[in-house]
$ cat my_file.cif   # mmCIF, C-alpha atoms and all ligand atoms
data_final
#
loop_
_atom_site.group_PDB
_atom_site.id
_atom_site.type_symbol
_atom_site.label_atom_id
_atom_site.label_comp_id
_atom_site.auth_asym_id
_atom_site.auth_seq_id
_atom_site.Cartn_x
_atom_site.Cartn_y
_atom_site.Cartn_z
ATOM 1 C CA MET Y 187 -25.682 13.231 16.437
ATOM 2 C CA ILE Y 188 -27.242 13.177 12.988
ATOM 3 C CA LEU Y 189 -25.796 10.560 10.649
ATOM 4 C CA ILE Y 190 -25.601 11.382 6.953
ATOM 5 C CA GLY Y 191 -24.989 8.096 5.146
ATOM 6 C CA ASP Y 192 -23.280 7.227 1.907
ATOM 7 C CA SER Y 193 -25.660 5.881 -0.712
ATOM 8 C CA CYS Y 194 -22.694 4.243 -2.501
ATOM 9 C CA ASN Y 195 -21.927 2.309 0.674
ATOM 10 C CA LYS Y 196 -25.292 1.536 2.217
ATOM 11 C CA ASP Y 197 -24.012 -1.634 3.913
ATOM 12 C CA LEU Y 198 -21.545 0.289 6.065
ATOM 13 C CA SER Y 199 -23.942 3.240 6.547
ATOM 14 C CA GLU Y 200 -26.651 0.995 7.926
ATOM 15 C CA LYS Y 201 -24.377 -1.153 10.058
ATOM 16 C CA LEU Y 202 -22.794 1.966 11.549
ATOM 17 C CA ALA Y 203 -26.232 3.442 12.259
ATOM 18 C CA GLU Y 204 -27.128 0.260 14.146
ATOM 19 C CA HIS Y 205 -23.942 0.356 16.220
ATOM 20 C CA ILE Y 206 -24.283 4.027 17.188
ATOM 21 C CA HIS Y 207 -28.074 3.784 17.631
ATOM 22 C CA ALA Y 208 -28.761 6.474 15.039
ATOM 23 C CA VAL Y 209 -31.063 6.793 12.061
ATOM 24 C CA VAL Y 210 -29.233 7.092 8.766
ATOM 25 C CA HIS Y 211 -30.280 9.931 6.437
ATOM 26 C CA TYR Y 212 -29.122 9.925 2.835
ATOM 27 C CA PRO Y 213 -28.483 13.256 1.115
ATOM 28 C CA ASP Y 214 -30.030 14.208 -2.145
ATOM 29 C CA ILE Y 215 -27.317 14.134 -4.839
ATOM 30 C CA ARG Y 216 -28.092 15.346 -8.351
ATOM 31 C CA VAL Y 217 -25.686 15.400 -11.280
ATOM 32 C CA PHE Y 218 -26.193 18.010 -13.993
ATOM 33 C CA PRO Y 219 -25.612 17.104 -17.663
ATOM 34 C CA ASP Y 220 -22.204 18.828 -17.571
ATOM 35 C CA SER Y 221 -21.268 16.593 -14.559
ATOM 36 C CA GLU Y 222 -21.479 19.358 -11.932
ATOM 37 C CA LYS Y 223 -23.163 18.173 -8.744
ATOM 38 C CA ARG Y 224 -25.837 19.550 -6.473
ATOM 39 C CA VAL Y 225 -26.032 18.104 -2.963
ATOM 40 C CA ARG Y 226 -28.713 18.733 -0.377
ATOM 41 C CA ILE Y 227 -29.152 17.554 3.208
ATOM 42 C CA ASN Y 228 -32.891 17.286 3.709
ATOM 43 C CA GLN Y 229 -32.970 17.020 7.510
ATOM 44 C CA ASP Y 230 -33.072 19.954 9.881
ATOM 45 C CA ILE Y 231 -29.564 19.885 11.313
ATOM 46 C CA THR Y 232 -29.409 23.371 12.814
ATOM 47 C CA GLY Y 233 -27.730 23.195 16.201
ATOM 48 C CA HIS Y 234 -26.861 19.502 15.839
ATOM 49 C CA ASP Y 235 -23.578 17.669 15.567
ATOM 50 C CA VAL Y 236 -23.442 15.977 12.180
ATOM 51 C CA LEU Y 237 -21.493 12.905 11.142
ATOM 52 C CA ILE Y 238 -20.960 12.493 7.404
ATOM 53 C CA LEU Y 239 -19.922 9.028 6.204
ATOM 54 C CA LYS Y 240 -18.384 9.124 2.740
ATOM 55 C CA SER Y 241 -16.256 6.472 1.095
ATOM 56 C CA PHE Y 242 -14.027 7.888 -1.622
ATOM 57 C CA GLN Y 243 -15.295 5.517 -4.323
ATOM 58 C CA THR Y 244 -14.248 5.583 -7.964
ATOM 59 C CA PRO Y 245 -14.561 8.103 -9.614
ATOM 60 C CA VAL Y 246 -12.431 9.351 -6.760
ATOM 61 C CA ASP Y 247 -12.316 13.066 -7.618
ATOM 62 C CA SER Y 248 -16.081 13.200 -7.861
ATOM 63 C CA SER Y 249 -16.406 11.524 -4.431
ATOM 64 C CA VAL Y 250 -13.985 13.983 -2.836
ATOM 65 C CA ILE Y 251 -15.883 16.958 -4.270
ATOM 66 C CA GLU Y 252 -19.193 15.466 -3.126
ATOM 67 C CA PHE Y 253 -17.833 15.106 0.397
ATOM 68 C CA CYS Y 254 -16.610 18.738 0.441
ATOM 69 C CA PHE Y 255 -20.035 19.902 -0.769
ATOM 70 C CA LEU Y 256 -21.753 17.904 1.966
ATOM 71 C CA VAL Y 257 -19.529 19.423 4.640
ATOM 72 C CA ASP Y 258 -20.211 22.883 3.207
ATOM 73 C CA ALA Y 259 -23.959 22.177 3.134
ATOM 74 C CA ALA Y 260 -23.921 21.000 6.755
ATOM 75 C CA LYS Y 261 -22.052 24.103 7.908
ATOM 76 C CA ARG Y 262 -24.347 26.445 5.990
ATOM 77 C CA ALA Y 263 -27.403 24.728 7.480
ATOM 78 C CA GLY Y 264 -26.114 25.537 10.971
ATOM 79 C CA ALA Y 265 -24.562 22.247 12.129
ATOM 80 C CA THR Y 266 -22.733 22.755 15.406
ATOM 81 C CA SER Y 267 -19.904 20.482 14.326
ATOM 82 C CA VAL Y 268 -19.191 18.271 11.335
ATOM 83 C CA TYR Y 269 -17.339 14.991 11.788
ATOM 84 C CA GLY Y 270 -16.258 13.202 8.616
ATOM 85 C CA VAL Y 271 -15.869 9.447 8.474
ATOM 86 C CA THR Y 272 -13.951 8.676 5.285
ATOM 87 C CA PRO Y 273 -12.790 5.104 5.835
ATOM 88 C CA TYR Y 274 -10.828 5.125 2.588
ATOM 89 C CA LEU Y 275 -8.963 8.361 2.117
ATOM 90 C CA ALA Y 276 -8.130 8.680 -1.559
ATOM 91 C CA TYR Y 277 -4.686 9.741 -2.823
ATOM 92 C CA GLN Y 278 -2.978 8.304 0.261
ATOM 93 C CA ARG Y 279 -0.105 6.900 -1.748
ATOM 94 C CA ALA Y 280 0.591 10.298 -3.323
ATOM 95 C CA ASP Y 281 1.995 11.860 -0.160
ATOM 96 C CA HIS Y 282 5.242 13.243 -1.573
ATOM 97 C CA VAL Y 283 6.900 14.291 -4.808
ATOM 98 C CA PHE Y 284 8.206 11.140 -6.504
ATOM 99 C CA ARG Y 285 9.715 12.938 -9.477
ATOM 100 C CA GLY Y 286 10.450 16.648 -9.894
ATOM 101 C CA GLY Y 287 7.576 18.643 -11.323
ATOM 102 C CA GLU Y 288 4.819 16.583 -9.671
ATOM 103 C CA ALA Y 289 2.105 17.797 -7.280
ATOM 104 C CA VAL Y 290 1.514 16.300 -3.827
ATOM 105 C CA PRO Y 291 -2.124 15.286 -4.357
ATOM 106 C CA LEU Y 292 -2.729 14.111 -0.793
ATOM 107 C CA GLU Y 293 -1.797 17.497 0.653
ATOM 108 C CA ALA Y 294 -3.977 19.290 -1.905
ATOM 109 C CA ILE Y 295 -6.949 17.046 -1.065
ATOM 110 C CA ILE Y 296 -6.480 17.555 2.663
ATOM 111 C CA LYS Y 297 -6.473 21.356 2.187
ATOM 112 C CA MET Y 298 -9.731 21.124 0.221
ATOM 113 C CA ILE Y 299 -11.378 18.997 2.893
ATOM 114 C CA GLU Y 300 -10.258 21.272 5.686
ATOM 115 C CA THR Y 301 -11.270 24.507 4.006
ATOM 116 C CA SER Y 302 -14.756 23.124 3.369
ATOM 117 C CA GLY Y 303 -15.263 23.424 7.137
ATOM 118 C CA LEU Y 304 -14.751 19.919 8.502
ATOM 119 C CA ASP Y 305 -14.061 19.848 12.246
ATOM 120 C CA LYS Y 306 -12.703 16.358 12.644
ATOM 121 C CA ILE Y 307 -12.091 13.246 10.552
ATOM 122 C CA LEU Y 308 -11.771 9.495 10.985
ATOM 123 C CA VAL Y 309 -9.848 7.393 8.477
ATOM 124 C CA ALA Y 310 -9.168 3.668 8.374
ATOM 125 C CA GLU Y 311 -5.789 2.066 7.749
ATOM 126 C CA PRO Y 312 -3.829 5.111 6.651
ATOM 127 C CA HIS Y 313 -1.167 4.128 4.133
ATOM 128 C CA SER Y 314 1.624 5.555 6.296
ATOM 129 C CA ILE Y 315 1.919 6.795 9.869
ATOM 130 C CA LYS Y 316 2.672 10.318 8.716
ATOM 131 C CA ILE Y 317 -0.746 10.785 7.058
ATOM 132 C CA PRO Y 318 -2.666 11.876 10.190
ATOM 133 C CA GLU Y 319 0.055 14.488 10.810
ATOM 134 C CA LEU Y 320 -0.683 16.155 7.472
ATOM 135 C CA PHE Y 321 -4.050 17.367 8.764
ATOM 136 C CA ILE Y 322 -4.520 20.477 10.886
ATOM 137 C CA ILE Y 323 -7.913 19.302 12.194
ATOM 138 C CA PRO Y 324 -7.945 16.371 14.647
ATOM 139 C CA VAL Y 325 -7.720 12.946 13.005
ATOM 140 C CA ALA Y 326 -8.729 9.580 14.416
ATOM 141 C CA ASP Y 327 -7.466 6.482 12.697
ATOM 142 C CA ILE Y 328 -8.466 2.878 13.027
ATOM 143 C CA THR Y 329 -6.929 -0.313 11.748
ATOM 144 C CA ALA Y 330 -8.638 -3.444 10.459
ATOM 145 C CA MET Y 331 -5.926 -5.659 11.987
ATOM 146 C CA PRO Y 332 -8.151 -6.850 14.892
ATOM 147 C CA LEU Y 333 -10.754 -8.020 12.334
ATOM 148 C CA PHE Y 334 -8.077 -9.820 10.334
ATOM 149 C CA ALA Y 335 -6.566 -11.394 13.464
ATOM 150 C CA ASP Y 336 -9.967 -12.849 14.422
ATOM 151 C CA LYS Y 337 -10.368 -14.216 10.896
ATOM 152 C CA VAL Y 338 -6.893 -15.821 10.920
ATOM 153 C CA ARG Y 339 -7.742 -17.557 14.197
ATOM 154 C CA GLU Y 340 -11.091 -18.718 12.830
ATOM 155 C CA ILE Y 341 -9.386 -20.300 9.787
ATOM 156 C CA GLN Y 342 -6.282 -21.602 11.531
ATOM 157 C CA SER Y 343 -6.517 -22.347 15.239
ATOM 158 C CA ASP Y 344 -2.948 -23.709 15.267
ATOM 159 C CA LEU Y 345 -0.712 -20.771 14.387
ATOM 160 C CA SER Y 346 2.548 -22.744 14.357
ATOM 161 C CA ASN Y 347 2.254 -23.255 10.619
ATOM 162 C CA VAL Y 348 1.209 -19.686 9.813
ATOM 163 C CA SER Y 349 3.123 -16.671 8.474
ATOM 164 C CA VAL Y 350 1.589 -13.243 8.060
ATOM 165 C CA VAL Y 351 3.215 -11.568 5.087
ATOM 166 C CA SER Y 352 3.503 -8.010 3.852
ATOM 167 C CA PRO Y 353 3.666 -7.908 0.045
ATOM 168 C CA ASP Y 354 6.087 -4.980 0.242
ATOM 169 C CA MET Y 355 8.580 -3.462 2.672
ATOM 170 C CA GLY Y 356 6.240 -0.505 3.354
ATOM 171 C CA GLY Y 357 3.801 -2.782 5.181
ATOM 172 C CA ILE Y 358 6.171 -3.927 7.957
ATOM 173 C CA ARG Y 359 4.475 -1.826 10.667
ATOM 174 C CA ARG Y 360 1.082 -3.323 9.828
ATOM 175 C CA ILE Y 361 2.349 -6.891 9.716
ATOM 176 C CA LYS Y 362 4.045 -6.493 13.110
ATOM 177 C CA ILE Y 363 0.754 -5.309 14.644
ATOM 178 C CA LEU Y 364 -1.035 -8.337 13.222
ATOM 179 C CA SER Y 365 1.690 -10.706 14.356
ATOM 180 C CA GLU Y 366 1.434 -9.306 17.891
ATOM 181 C CA LEU Y 367 -2.329 -9.796 17.894
ATOM 182 C CA LEU Y 368 -1.627 -13.406 16.916
ATOM 183 C CA ASP Y 369 0.700 -14.207 19.816
ATOM 184 C CA ASP Y 370 3.793 -13.092 17.876
ATOM 185 C CA CYS Y 371 3.250 -15.544 15.046
ATOM 186 C CA SER Y 372 5.849 -15.738 12.272
ATOM 187 C CA TRP Y 373 5.960 -12.841 9.785
ATOM 188 C CA ALA Y 374 7.729 -12.050 6.548
ATOM 189 C CA THR Y 375 7.989 -9.225 4.034
ATOM 190 C CA ILE Y 376 8.477 -9.395 0.307
ATOM 191 C CA ASN Y 377 10.572 -6.920 -1.605
ATOM 192 C CA LYS Y 378 8.591 -5.552 -4.534
ATOM 193 C CA ASP Y 379 9.752 -3.431 -7.449
ATOM 194 C CA ARG Y 380 7.200 -1.382 -9.365
ATOM 195 C CA ASP Y 381 7.945 0.204 -12.732
ATOM 196 C CA LEU Y 382 6.723 3.819 -12.343
ATOM 197 C CA GLU Y 383 5.949 4.078 -16.064
ATOM 198 C CA THR Y 384 4.128 0.794 -16.712
ATOM 199 C CA GLY Y 385 2.982 0.001 -13.154
ATOM 200 C CA SER Y 386 4.173 -3.629 -13.523
ATOM 201 C CA ILE Y 387 5.240 -5.312 -10.295
ATOM 202 C CA VAL Y 388 7.892 -7.937 -9.577
ATOM 203 C CA ALA Y 389 8.547 -9.642 -6.237
ATOM 204 C CA THR Y 390 12.312 -10.086 -5.991
ATOM 205 C CA ARG Y 391 13.161 -11.532 -2.551
ATOM 206 C CA HIS Y 392 11.807 -11.805 0.979
ATOM 207 C CA GLU Y 393 12.859 -11.456 4.581
ATOM 208 C CA GLY Y 394 11.467 -13.711 7.299
ATOM 209 C CA GLU Y 395 9.981 -17.172 7.154
ATOM 210 C CA ILE Y 396 7.410 -18.465 4.681
ATOM 211 C CA ARG Y 397 5.365 -21.183 6.392
ATOM 212 C CA ASP Y 398 2.736 -23.538 4.919
ATOM 213 C CA VAL Y 399 -0.216 -21.193 5.443
ATOM 214 C CA CYS Y 400 0.396 -17.560 4.515
ATOM 215 C CA PHE Y 401 -1.869 -14.568 5.045
ATOM 216 C CA ILE Y 402 -0.826 -11.645 2.846
ATOM 217 C CA VAL Y 403 -1.880 -8.388 4.497
ATOM 218 C CA ASP Y 404 -2.012 -5.028 2.729
ATOM 219 C CA ASP Y 405 -3.746 -1.692 3.169
ATOM 220 C CA MET Y 406 -5.398 -1.761 -0.247
ATOM 221 C CA ILE Y 407 -5.981 -3.712 -3.408
ATOM 222 C CA ALA Y 408 -5.995 -1.278 -6.332
ATOM 223 C CA THR Y 409 -5.062 -3.044 -9.588
ATOM 224 C CA GLY Y 410 -4.392 -6.254 -7.663
ATOM 225 C CA GLY Y 411 -0.849 -6.455 -9.082
ATOM 226 C CA THR Y 412 0.905 -6.364 -5.710
ATOM 227 C CA VAL Y 413 -1.066 -9.057 -3.905
ATOM 228 C CA VAL Y 414 -1.405 -11.374 -6.911
ATOM 229 C CA GLU Y 415 2.366 -11.231 -7.502
ATOM 230 C CA ALA Y 416 2.840 -11.966 -3.791
ATOM 231 C CA VAL Y 417 0.568 -15.040 -4.011
ATOM 232 C CA SER Y 418 2.673 -16.485 -6.869
ATOM 233 C CA TYR Y 419 5.926 -15.635 -5.083
ATOM 234 C CA LEU Y 420 4.828 -17.335 -1.850
ATOM 235 C CA ILE Y 421 3.673 -20.477 -3.647
ATOM 236 C CA GLU Y 422 6.946 -20.624 -5.614
ATOM 237 C CA ASN Y 423 8.783 -20.301 -2.305
ATOM 238 C CA GLY Y 424 7.058 -23.101 -0.424
ATOM 239 C CA ALA Y 425 3.667 -21.864 0.827
ATOM 240 C CA LYS Y 426 0.851 -24.417 0.402
ATOM 241 C CA THR Y 427 -2.166 -22.199 1.089
ATOM 242 C CA VAL Y 428 -2.309 -18.443 0.671
ATOM 243 C CA TYR Y 429 -5.002 -15.989 1.761
ATOM 244 C CA ILE Y 430 -5.191 -12.241 1.067
ATOM 245 C CA MET Y 431 -6.416 -9.677 3.597
ATOM 246 C CA ALA Y 432 -6.623 -6.028 2.568
ATOM 247 C CA THR Y 433 -8.496 -3.184 4.191
ATOM 248 C CA HIS Y 434 -9.516 -1.139 1.145
ATOM 249 C CA PRO Y 435 -11.119 -2.923 -1.834
ATOM 250 C CA VAL Y 436 -10.395 -0.294 -4.486
ATOM 251 C CA PHE Y 437 -10.616 -3.011 -7.174
ATOM 252 C CA ALA Y 438 -9.489 -0.885 -10.115
ATOM 253 C CA GLY Y 439 -9.278 -2.116 -13.720
ATOM 254 C CA ASP Y 440 -9.214 -5.912 -13.981
ATOM 255 C CA ALA Y 441 -8.268 -6.498 -10.315
ATOM 256 C CA VAL Y 442 -11.249 -8.771 -9.717
ATOM 257 C CA ILE Y 443 -10.394 -11.036 -12.660
ATOM 258 C CA LYS Y 444 -6.758 -11.227 -11.496
ATOM 259 C CA LEU Y 445 -7.792 -12.121 -7.945
ATOM 260 C CA GLN Y 446 -10.406 -14.685 -8.907
ATOM 261 C CA SER Y 447 -8.059 -16.450 -11.329
ATOM 262 C CA SER Y 448 -5.041 -16.422 -8.991
ATOM 263 C CA ASN Y 449 -4.044 -19.296 -6.713
ATOM 264 C CA VAL Y 450 -5.312 -17.475 -3.632
ATOM 265 C CA GLN Y 451 -7.640 -19.447 -1.390
ATOM 266 C CA LYS Y 452 -9.789 -16.509 -0.307
ATOM 267 C CA VAL Y 453 -9.685 -12.703 -0.314
ATOM 268 C CA PHE Y 454 -10.835 -10.807 2.782
ATOM 269 C CA VAL Y 455 -11.499 -7.068 2.555
ATOM 270 C CA THR Y 456 -13.491 -4.568 4.594
ATOM 271 C CA ASP Y 457 -16.459 -2.376 3.716
ATOM 272 C CA SER Y 458 -14.317 0.791 3.735
ATOM 273 C CA LEU Y 459 -15.591 1.151 0.170
ATOM 274 C CA GLY Y 460 -18.877 -0.018 -1.272
ATOM 275 C CA ILE Y 461 -18.401 -2.986 -3.619
ATOM 276 C CA PRO Y 462 -20.852 -3.087 -6.526
ATOM 277 C CA ASP Y 463 -22.373 -6.470 -7.405
ATOM 278 C CA GLU Y 464 -20.273 -6.815 -10.564
ATOM 279 C CA LYS Y 465 -17.092 -6.624 -8.460
ATOM 280 C CA ARG Y 466 -18.133 -9.288 -5.958
ATOM 281 C CA PHE Y 467 -16.595 -12.674 -6.718
ATOM 282 C CA GLU Y 468 -16.640 -16.177 -5.325
ATOM 283 C CA LYS Y 469 -13.391 -15.986 -3.334
ATOM 284 C CA LEU Y 470 -14.333 -12.647 -1.719
ATOM 285 C CA GLU Y 471 -15.491 -12.142 1.873
ATOM 286 C CA ILE Y 472 -16.294 -8.685 3.262
ATOM 287 C CA LEU Y 473 -15.700 -7.894 6.937
ATOM 288 C CA SER Y 474 -17.369 -4.812 8.399
ATOM 289 C CA LEU Y 475 -15.540 -1.885 9.980
ATOM 290 C CA ALA Y 476 -18.780 -0.616 11.560
ATOM 291 C CA GLN Y 477 -18.086 -1.879 15.067
ATOM 292 C CA LEU Y 478 -14.513 -0.547 15.085
ATOM 293 C CA ILE Y 479 -15.692 2.867 13.851
ATOM 294 C CA ALA Y 480 -18.505 2.950 16.427
ATOM 295 C CA HIS Y 481 -16.079 1.990 19.181
ATOM 296 C CA ASN Y 482 -13.701 4.771 18.160
ATOM 297 C CA LEU Y 483 -16.527 7.346 18.035
ATOM 298 C CA LYS Y 484 -17.576 6.324 21.539
ATOM 299 C CA GLU Y 485 -14.027 6.661 22.831
ATOM 300 C CA GLU Y 486 -13.836 10.129 21.283
ATOM 301 C CA ASN Y 487 -17.197 11.019 22.841
ATOM 302 C CA VAL Y 488 -18.881 11.477 19.471
ATOM 303 C CA GLN Y 489 -22.487 10.417 20.120
HETATM 304 C C1 LIG N 1 1.626 0.090 -1.806
HETATM 305 O O1 LIG N 1 2.497 0.691 -1.197
HETATM 306 C C2 LIG N 1 0.308 -0.280 -1.202
HETATM 307 O O2 LIG N 1 0.457 -0.664 0.126
HETATM 308 C C3 LIG N 1 -0.370 -1.381 -1.980
HETATM 309 O O3 LIG N 1 0.431 -2.534 -1.912
HETATM 310 C C4 LIG N 1 -0.559 -1.017 -3.416
HETATM 311 O O4 LIG N 1 -0.902 0.311 -3.529
HETATM 312 C C5 LIG N 1 -1.586 -1.862 -4.087
HETATM 313 O O5 LIG N 1 -1.722 -1.446 -5.422
HETATM 314 P P1 LIG N 1 -1.980 -2.492 -6.568
HETATM 315 O O6 LIG N 1 -3.148 -3.323 -6.153
HETATM 316 O O7 LIG N 1 -2.266 -1.650 -7.770
HETATM 317 O O8 LIG N 1 -0.732 -3.290 -6.749
#
$ encode --input "my_file.cif" --output "structure tokens"
Amino acid sequence: MILIGDSCNKDLSEKLAEHIHAVVHYPDIRVFPDSEKRVRINQDITGHDVLILKSFQTPVDSSVIEFCFLVDAAKRAGATSVYGVTPYLAYQRADHVFRGGEAVPLEAIIKMIETSGLDKILVAEPHSIKIPELFIIPVADITAMPLFADKVREIQSDLSNVSVVSPDMGGIRRIKILSELLDDCSWATINKDRDLETGSIVATRHEGEIRDVCFIVDDMIATGGTVVEAVSYLIENGAKTVYIMATHPVFAGDAVIKLQSSNVQKVFVTDSLGIPDEKRFEKLEILSLAQLIAHNLKEENVQ
């Protein structure tokens, strides 16, 4: 197996290489003055299985195109099979038509990825359970919940005072998995309303119990609006200490400022996306998905 790493996410590339006992090779990526890209895989991959790790960083569209070009390059160079590891699949929230006249971006992206020649893909923490079904090629998916469960136990050995909380109703499945991993600890969900025009978010009510120590768990932090609103809501409703755990650190716009200046104790995310230095802040801790990805690859016999 030849591993093509992601130079925008070297931390994960190198940790994954260590776990699967491979050498990581970075492709040559050039950007022309008109923003078109040229990608080149420098290694001889003819007759080899190739694993391409690519996080769909901002600018998202450019990352998706780069990934498709890499898959195309690998196929043209004679790779036997191409396995994509895209821990953060962009456009996951755009999986249906919200208002008449809109596209379904996720389906369009999936078609592009598949037609570029990819044989199989691994994604982390898909936004909904139906996402893997939208692909024709085989999809493996992993969840960061075991990492978060270990972290909860490390912070709080006595779980009797703990609630794990989804900041919206869509996260119930995830929060139940985490609760199970934590000996069925208490869980709650917040009802959130988002204005589709302005994007502003309001937490209106909750179901379940809010205990002293709350761990908000979400699939992603984009603008930060959802989790920061949830922190305020939980504190207003009796929580004394609140942590945030989210798999994908998209950190768009002023998310980092919002998080750092909120009343959250600490923010845990994974390395599903590379985080540039200017987006790393005091309250942030990054947990690596490398071992979970490596474990999944082994189970799927990808070596
Ligand atoms: C929503 O359904 C997702 O699970 C996240 O809660 C949401 O997308 C996060 O976005 P933002 O950080 O912009 O509120």
$ resolve_selection --input "my_file.cif" --expression "the PyMOL selection byres (((chain Y and resi 227) around 10) and not hetatm)" --output "VMD selection string"
chain Y and resid 190 211 to 215 225 to 226 228 to 231 256 to 257 259 to 260 263
$ resolve_selection --input "my_file.cif" --expression "the PyMOL selection byres (((chain Y and resi 196) around 12) and not hetatm)" --output "VMD selection string"
chain Y and resid 190 to 195 197 to 203 210 to 212 239 to 241 457 to 462 474 476
$ resolve_selection --input "my_file.cif" --expression "the PyMOL selection byres (((not hetatm)) within 7 of (chain N and resi 1))" --output "JSON, numbers by chain"
{"Y": [279, 313, 353, 354, 356, 357, 404, 405, 406, 407, 408, 409, 410, 411, 412, 413]}
$ write_last_selection --input "my_file.cif" --atoms "C-alpha atoms" --output "mmCIF file, in the coordinates of the input"
data_model
loop_
_atom_site.group_PDB
_atom_site.id
_atom_site.type_symbol
_atom_site.label_atom_id
_atom_site.label_comp_id
_atom_site.auth_asym_id
_atom_site.auth_seq_id
_atom_site.Cartn_x
_atom_site.Cartn_y
_atom_site.Cartn_z
ATOM 1 C CA ARG Y 279 -0.105 6.900 -1.748
ATOM 2 C CA HIS Y 313 -1.167 4.128 4.133
ATOM 3 C CA PRO Y 353 3.666 -7.908 0.045
ATOM 4 C CA ASP Y 354 6.087 -4.980 0.242
ATOM 5 C CA GLY Y 356 6.240 -0.505 3.354
ATOM 6 C CA GLY Y 357 3.801 -2.782 5.181
ATOM 7 C CA ASP Y 404 -2.012 -5.028 2.729
ATOM 8 C CA ASP Y 405 -3.746 -1.692 3.169
ATOM 9 C CA MET Y 406 -5.398 -1.761 -0.247
ATOM 10 C CA ILE Y 407 -5.981 -3.712 -3.408
ATOM 11 C CA ALA Y 408 -5.995 -1.278 -6.332
ATOM 12 C CA THR Y 409 -5.062 -3.044 -9.588
ATOM 13 C CA GLY Y 410 -4.392 -6.254 -7.663
ATOM 14 C CA GLY Y 411 -0.849 -6.455 -9.082
ATOM 15 C CA THR Y 412 0.905 -6.364 -5.710
ATOM 16 C CA VAL Y 413 -1.066 -9.057 -3.905
#
$ atom_distance --input "my_file.cif" --atom1 "CA of Tyr419 in chain Y" --atom2 "CA of Gln278 in chain Y"
26.1 Å
$ residues_around --input "my_file.cif" --residues "Leu275 in chain Y" --least-positions-apart "5" --cutoff "8 Å" --atoms "all atoms listed in the file" --output "list in words"
Ser241, Phe242, Val309, Ala310 and Pro312 of chain Y
$ closest_residue --input "my_file.cif" --among "Y:Val250, Y:Leu320, Y:Ala432, Y:Met187" --to "Gly233 in chain Y" --atoms "only C-alpha atoms"
Y:Met187
$ closest_residue --input "my_file.cif" --among "Y:Asp370, Y:Val488, Y:Leu364, Y:Arg216" --to "Val268 in chain Y" --atoms "only C-alpha atoms"
Y:Val488
$ closest_residue --input "my_file.cif" --among "Y:Ala335, Y:Ser346, Y:Glu252, Y:Val436" --to "Tyr277 in chain Y" --atoms "only C-alpha atoms"
Y:Val436
